[in-house]
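A.B. asks: Below is one structure. I have some questions about it.
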Amino acid sequence: MYLRQTPPLIKALASQLTWSGPAYVNGEPAVYLTFDDGPHPVITRQVLRMLEEYEVKATFFCVGSNVLKYPDVVAELKSMGHLIGNHTFAHESGWSASNAEYFRSYLKCQQLVNEPLFRPPYGRISRSQAEAIGKRTEIVMWDVLSADFDLKKTPEDCLNQLIINTRPGAIVVFHDSERAAPRMLPILQPYLEWLRAEGYSCHLLPKR
């Protein structure tokens, strides 16, 4: 089970985590696009081409094992002005992994990406894990989930729910992965078109 939009109560109960960004930047409503689980040598580059067409920058939370496999894609992300974040080395759930296992995976990925942003895979992280990791890096969650990873969803459903749930300041999650690509790739450009038509500007996550 997952929620397409994070309820205010959950944000309040875990207020030490980052759930959204500044609602307005230079007087315009702002959103913050993020991509999890990459990099992928084909899918990530398809995303980059679409973002470049719309002059949009995004934050990519990368799995460390993929960073090792595709360092050229990571270099391309950085050269194009996008941000990189830590998404653990092996995509463990903080609810099932031991603290020692989770911290090792976090640190192994951090040695590769060396950036001050972290997103827990599946959004699952224990309080003790969050307290320890939050001392080193900002823990970024989200406000709007595209659900592109859900095999039961159609691209149309994903896009409709994005449009319904997007608000100023929203951190929006996509996945540049093989599992999500059949839904993510068809909806990204229409979503960027909708954001432009509605007057939204897309921004990088601000570093604390």
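The way I read the labels, and the way they are meant: chains A, B, ... in the order of the structure tokens, residue 1 as the first residue of every chain, and ligand 1 as the first ligand shown, with later ones counted on from there.
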Can you pull out the residues contacting A:Val74? Cut-off 9 Å, using only C-alpha atoms, and skip same-chain residues under 3 positions away; I want them as a list in words.
C.D. replies: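 So, after excluding close chain neighbours, the residues are Pro39, Cys62, Val67, Tyr70, Pro71, Leu77, Lys78, Ser79, Ile84 and Val113 of chain A.
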A.B. asks: Residues near stretch 143-158 of chain A, anyone? I mean within 8 Å using only C-alpha atoms, not counting same-chain ones fewer than 5 positions away, as a list in words.
C.D. replies: Leu3, Arg4, Gln5, Thr6, Trp19, Ser20, Asn165, Thr166, Ala170, Ile171, Val172, Val173, Phe174, His175, Arg179, Ala180, Ala181, Pro182, Arg183, Met184, Pro186 and Ile187 of chain A
A.B. asks: Selection from above, N, CA and C atoms, as a JSON list (two decimals), in the first residue's frame, can you write it?
C.D. replies:
[["chain", "number", "residue", "atom", "x", "y", "z"],
["A", 3, "LEU", "N", 0.57, 5.86, -0.64],
["A", 3, "LEU", "CA", -0.28, 7.04, -0.79],
["A", 3, "LEU", "C", 0.26, 7.90, -1.92],
["A", 4, "ARG", "N", -0.63, 8.37, -2.80],
["A", 4, "ARG", "CA", -0.19, 9.17, -3.93],
["A", 4, "ARG", "C", 0.19, 10.59, -3.50],
["A", 5, "GLN", "N", -0.42, 11.06, -2.41],
["A", 5, "GLN", "CA", -0.04, 12.36, -1.84],
["A", 5, "GLN", "C", 0.14, 12.18, -0.34],
["A", 6, "THR", "N", 1.23, 12.73, 0.20],
["A", 6, "THR", "CA", 1.54, 12.53, 1.61],
["A", 6, "THR", "C", 0.62, 13.37, 2.48],
["A", 19, "TRP", "N", 9.76, 17.16, 3.28],
["A", 19, "TRP", "CA", 8.61, 16.66, 2.51],
["A", 19, "TRP", "C", 8.26, 17.55, 1.32],
["A", 20, "SER", "N", 8.65, 18.80, 1.36],
["A", 20, "SER", "CA", 8.32, 19.73, 0.28],
["A", 20, "SER", "C", 9.38, 20.83, 0.25],
["A", 165, "ASN", "N", -2.85, 15.98, -7.78],
["A", 165, "ASN", "CA", -2.16, 16.14, -6.50],
["A", 165, "ASN", "C", -1.08, 17.20, -6.46],
["A", 166, "THR", "N", -0.63, 17.69, -7.61],
["A", 166, "THR", "CA", 0.45, 18.68, -7.61],
["A", 166, "THR", "C", -0.01, 20.00, -7.02],
["A", 170, "ALA", "N", 5.53, 21.16, -4.13],
["A", 170, "ALA", "CA", 5.54, 19.69, -4.14],
["A", 170, "ALA", "C", 6.87, 19.12, -4.59],
["A", 171, "ILE", "N", 7.34, 18.13, -3.86],
["A", 171, "ILE", "CA", 8.43, 17.27, -4.31],
["A", 171, "ILE", "C", 7.77, 16.06, -4.98],
["A", 172, "VAL", "N", 8.06, 15.87, -6.26],
["A", 172, "VAL", "CA", 7.39, 14.85, -7.07],
["A", 172, "VAL", "C", 8.38, 13.73, -7.37],
["A", 173, "VAL", "N", 7.92, 12.48, -7.22],
["A", 173, "VAL", "CA", 8.80, 11.33, -7.42],
["A", 173, "VAL", "C", 8.46, 10.56, -8.69],
["A", 174, "PHE", "N", 9.49, 10.39, -9.53],
["A", 174, "PHE", "CA", 9.45, 9.45, -10.65],
["A", 174, "PHE", "C", 10.56, 8.43, -10.42],
["A", 175, "HIS", "N", 10.63, 7.42, -11.29],
["A", 175, "HIS", "CA", 11.69, 6.40, -11.20],
["A", 175, "HIS", "C", 12.29, 6.18, -12.58],
["A", 179, "ARG", "N", 11.56, -1.04, -14.48],
["A", 179, "ARG", "CA", 10.21, -1.36, -14.01],
["A", 179, "ARG", "C", 9.25, -0.19, -14.26],
["A", 180, "ALA", "N", 9.70, 1.01, -14.03],
["A", 180, "ALA", "CA", 8.81, 2.17, -14.11],
["A", 180, "ALA", "C", 8.72, 2.77, -15.50],
["A", 181, "ALA", "N", 9.70, 2.52, -16.35],
["A", 181, "ALA", "CA", 9.79, 3.20, -17.64],
["A", 181, "ALA", "C", 8.54, 3.12, -18.50],
["A", 182, "PRO", "N", 7.81, 1.98, -18.55],
["A", 182, "PRO", "CA", 6.61, 1.93, -19.40],
["A", 182, "PRO", "C", 5.54, 2.93, -18.99],
["A", 183, "ARG", "N", 5.57, 3.41, -17.76],
["A", 183, "ARG", "CA", 4.62, 4.44, -17.32],
["A", 183, "ARG", "C", 5.29, 5.81, -17.22],
["A", 184, "MET", "N", 6.52, 5.86, -16.74],
["A", 184, "MET", "CA", 7.19, 7.14, -16.53],
["A", 184, "MET", "C", 7.49, 7.86, -17.84],
["A", 186, "PRO", "N", 6.12, 7.75, -20.94],
["A", 186, "PRO", "CA", 5.00, 8.36, -21.67],
["A", 186, "PRO", "C", 4.39, 9.58, -20.98],
["A", 187, "ILE", "N", 4.54, 9.68, -19.65],
["A", 187, "ILE", "CA", 3.85, 10.77, -18.94],
["A", 187, "ILE", "C", 4.75, 11.95, -18.63]]
A.B. asks: Can you pull out every residue within 10 Å of stretch 26-30 of chain A, counting only C-alpha atoms, but drop anything in the same chain fewer than 4 positions away, and send it as a list of chain:residue names?
C.D. replies: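 With the cut-off at 10 Å, the set is A:Gly21, A:Pro22, A:Arg167, A:Pro168, A:Gly169, A:Ala170, A:Ile171, A:Leu195, A:Glu198, A:Gly199, A:Tyr200, A:Ser201, A:Cys202, A:His203, A:Leu204.
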A.B. asks: One number please: atom CA of A:Leu117 to atom CA of A:Glu138, in Å, one decimal.
C.D. replies: 5.0 Å
A.B. asks: For atom CA of A:Val140 and atom CA of A:Pro120, quote the distance in Å rounded to one decimal.
C.D. replies: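 Atom-to-atom, atom CA of A:Val140 to atom CA of A:Pro120, that is 8.0 Å.
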A.B. asks: Go through stretch 35-134 of chain A and collect every residue that DSSP, computed from the backbone, puts in strand (DSSP E); the answer should be as a PDB file with C-alpha atoms, in the first residue's frame.
C.D. replies:
ATOM      1  CA  PHE A  35      13.979  10.495  -9.971  1.00  0.00           C
ATOM      2  CA  ASP A  36      14.813   7.378  -7.950  1.00  0.00           C
ATOM      3  CA  THR A  59      17.406  15.671  -8.506  1.00  0.00           C
ATOM      4  CA  PHE A  60      18.376  12.042  -9.147  1.00  0.00           C
ATOM      5  CA  PHE A  61      18.570   9.760  -6.105  1.00  0.00           C
ATOM      6  CA  CYS A  62      20.980   7.112  -7.313  1.00  0.00           C
ATOM      7  CA  LEU A  83      21.687  17.130  -8.592  1.00  0.00           C
ATOM      8  CA  ILE A  84      22.676  13.671  -7.366  1.00  0.00           C
ATOM      9  CA  GLY A  85      21.469  12.124  -4.121  1.00  0.00           C
ATOM     10  CA  ASN A  86      22.142   8.973  -2.086  1.00  0.00           C
ATOM     11  CA  LEU A 117      20.864  14.595   0.055  1.00  0.00           C
ATOM     12  CA  PHE A 118      19.482  11.151   0.934  1.00  0.00           C
TER      13      PHE A 118
END
A.B. asks: When you count only C-alpha atoms, which of these residues is closest to A:Leu185: A:Leu51, A:Ile163, A:Pro206, A:Gly123?
C.D. replies: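 Result for the nearest residue to A:Leu185: A:Leu51.
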A.B. asks: Would you return as a PyMOL selection string the members of stretch 29-196 of chain A that DSSP assigns to alpha helix (DSSP H) on this structure's backbone?
C.D. replies: chain A and resi 43-53+64-69+71-79+99-113+127-133+155-165+181-196
A.B. asks: Excluding same-chain residues fewer than 6 positions from A:Arg127, what lies within 12 Å of it counting only C-alpha atoms, as a PyMOL selection string?
C.D. replies: chain A and resi 13-17+94-95+99+133-134+139
A.B. asks: Which residue is closest to A:Glu52? Choose from A:Leu159, A:Leu192, A:Lys135, A:Glu101 and count only C-alpha atoms.
C.D. replies: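 Among the listed residues, A:Leu192 lies closest to A:Glu52.
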A.B. asks: To one decimal place, how far is atom CA of A:Tyr54 from atom CA of A:Thr137 in Å?
C.D. replies: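 One can read the atom CA of A:Tyr54 to atom CA of A:Thr137 distance as 29.5 Å.
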A.B. asks: Find the residue from A:Leu112, A:Ala132, A:Leu188, A:Met141 that sits nearest to A:Asp176; use only C-alpha atoms when measuring.
C.D. replies: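 Using only C-alpha atoms, the shortest distance to A:Asp176 belongs to A:Leu188.
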A.B. asks: Of the candidates A:Ala58, A:Pro116, A:Ala12, A:Ala90, which shows the shortest atom-to-atom distance to A:Val31, using only C-alpha atoms?
C.D. replies: A:Ala58
